[in-house]
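Here is the structure we will look at.
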Amino acid sequence: MALLERADVTGCSPDPRPAPAGDVTVVCHDLETVEVTWGSGPDHHSANLSLEFRYGTGALQPCPRYFLSGAGVTSGCILPAARAGLLELALRDGGGAMVFKARQRASAWLKPRPPWNVTLLWTPDGDVTVSWPAHSYLGLDYEVQHRESNDDEDAWQTTSGPCCDLTVGGLDPARCYDFRVRASPRAAHYGLEAQPSEWTAVTRLSGAASAASCTASPAPSPALAPPLLPLGCGLAALLTLSLLLAALRLRRVKDALLPCVPDPSGSFPGLFEKHHGNFQAWIADAQATAPPARTEEEDDLIHPKAKRVEPEDGTSLCTVPRPPSFEPRGPGGGAMVSVGGATFMVGDSGYMTL
């Protein structure tokens with residue numbers, strides 16, 4: 001029988017006070033490492049404790065690897081595991097007083113690693129065979145749990161057996177199922193302090209039927225939730241349309257408040273480039289550069305009047321029409337100026353009449 005002792009907190013004090021059993025936890029992970037943790041109780045939450053260990057009757061050795069809590073004090077130790085010999089643990093406070101002492105095989109605190117490489121296979125009978133590799137040590141039982149996909153957490157059904165494959169029956173080949181596996185040490189081999197491994201990750205198995213739709217029990221409310229992608233696309237399109245309408249409305253308001261003013265520089269060359277918008281100076285310059293008016297005699301010399309010519313045979317010839325004469329003066333006696341298709345009359349006083 002393995003020996004487990006809990007030492008007095010005060011060591012050799014005549015008034016011993018036992019350490020609380022829940023303060024120290026020992027776990028042997030897969031017979032490879034031993035993890036000892038402390039500091040959860042009110043007596044040790046601020047104490048900096050130290051751990052010593054040994055296998056068999058050798059000398060006590062200090063903890064090779066401590067880890068600290070958030071307060072900066074030691075809260076645990078990791079040490080190697082050995083399958084042979086008894087493991088003795090001695091936990092002391094800063095004054096050297098014994099807080100916790102235990103002596104038993106490391107396997108008594110065994111916690112196996114979860115099974116790995118789990119495979120699932122439908123059989124011709126509609127059952128499922130679950131297989132996995134064996135651990136490197138004996139004395140383990142295995143639990144296989146299954147449920148229909150998307151069922152509640154409490155819907156798991158358990159099938160137990162030895163290594164290393166189990167058959168689960170009573171399944172519907174037209175549905176999908178979730179499976180998970182864990183290893184449990186037998187109490188007859190390792191004692192009552194050994195604990196099962198963590199569950200493997202959930203593995204989903206689709207139906208075996210050719211027309212299997214994997215229709216599991218419908219989940220309550222998520223089916224009513226709208227798809228996120230179409231909803232996002234619709235919102236983006238609505239936002240873009242709103243921005244376009246706002247831009248068009250702003251443009252109409254701008255056109256109404258600030259109408260477009262035509263640029264007169266195309267019809268009045270030189271008015272702004274040379275005279276900087278001074279219309280009277282531009283008129284005077286245009287009048288000075290206009291060609292001088294011709295008299296009627298000069299006009300007759302340039303454009304003689306057509307005369308009727310009578311041929312000898314008596315046939316009449318068409319007369320050449322006289323081009324219209326240019327009147328440089330208006331009815332009021334002012335000079336007429338035509339610029340850019342517009343005609344202006346400038347009086348003697350220098351004012352313009354349209």
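Ordered as shown in the structure tokens, chains take letters A, B, and onward, while each chain numbers its residues from 1 and ligands are numbered from 1 in the order shown.
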Practice task
Mind checking which residues fall within 8 Å of Ala134 (chain A), counting only C-alpha atoms, ignoring those fewer than 5 positions away in the same chain, and posting them as a list in words?
Solution key: Pro115, Cys163 and Cys164 of chain A
Handout entry: Proximity to Gly56 (chain A) - best of A:Ala106, A:Val253, A:Cys77, A:Val36, only C-alpha atoms
Key =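 So, comparing all the options, the nearest one is A:Ala106.
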Practice task
Could you please determine the separation between CA of Thr129 (chain A) and CA of Ser160 (chain A) in Å, to one decimal place?
Solution key: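 It comes out at 12.8 Å.
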Exercise for the section: Can you work out the spacing between CA of Val24 (chain A) and CA of Leu89 (chain A) in Å, to one decimal? Expected result: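 We find that CA of Val24 (chain A) and CA of Leu89 (chain A) lie 10.9 Å from each other.
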For Leu166 (chain A): contacts at 10 Å, only C-alpha atoms, fewer than 6 positions along chain excluded, given as a PDB file with C-alpha atoms, in the first residue's frame:
```pdb
ATOM      1  CA  LEU A 120     -14.027   6.414 -37.534  1.00  0.00           C
ATOM      2  CA  VAL A 128     -19.325   2.800 -36.467  1.00  0.00           C
ATOM      3  CA  THR A 129     -15.934   1.397 -35.440  1.00  0.00           C
ATOM      4  CA  VAL A 130     -13.747   3.828 -33.461  1.00  0.00           C
ATOM      5  CA  SER A 131     -10.008   3.035 -33.374  1.00  0.00           C
ATOM      6  CA  TRP A 132      -6.855   4.661 -31.920  1.00  0.00           C
ATOM      7  CA  TYR A 142     -11.484   3.995 -22.807  1.00  0.00           C
ATOM      8  CA  GLU A 143     -14.728   5.888 -23.217  1.00  0.00           C
ATOM      9  CA  VAL A 144     -16.254   6.777 -26.582  1.00  0.00           C
ATOM     10  CA  THR A 159     -19.642   3.439 -24.777  1.00  0.00           C
ATOM     11  CA  SER A 160     -16.782   2.012 -22.674  1.00  0.00           C
TER      12      SER A 160
END
```
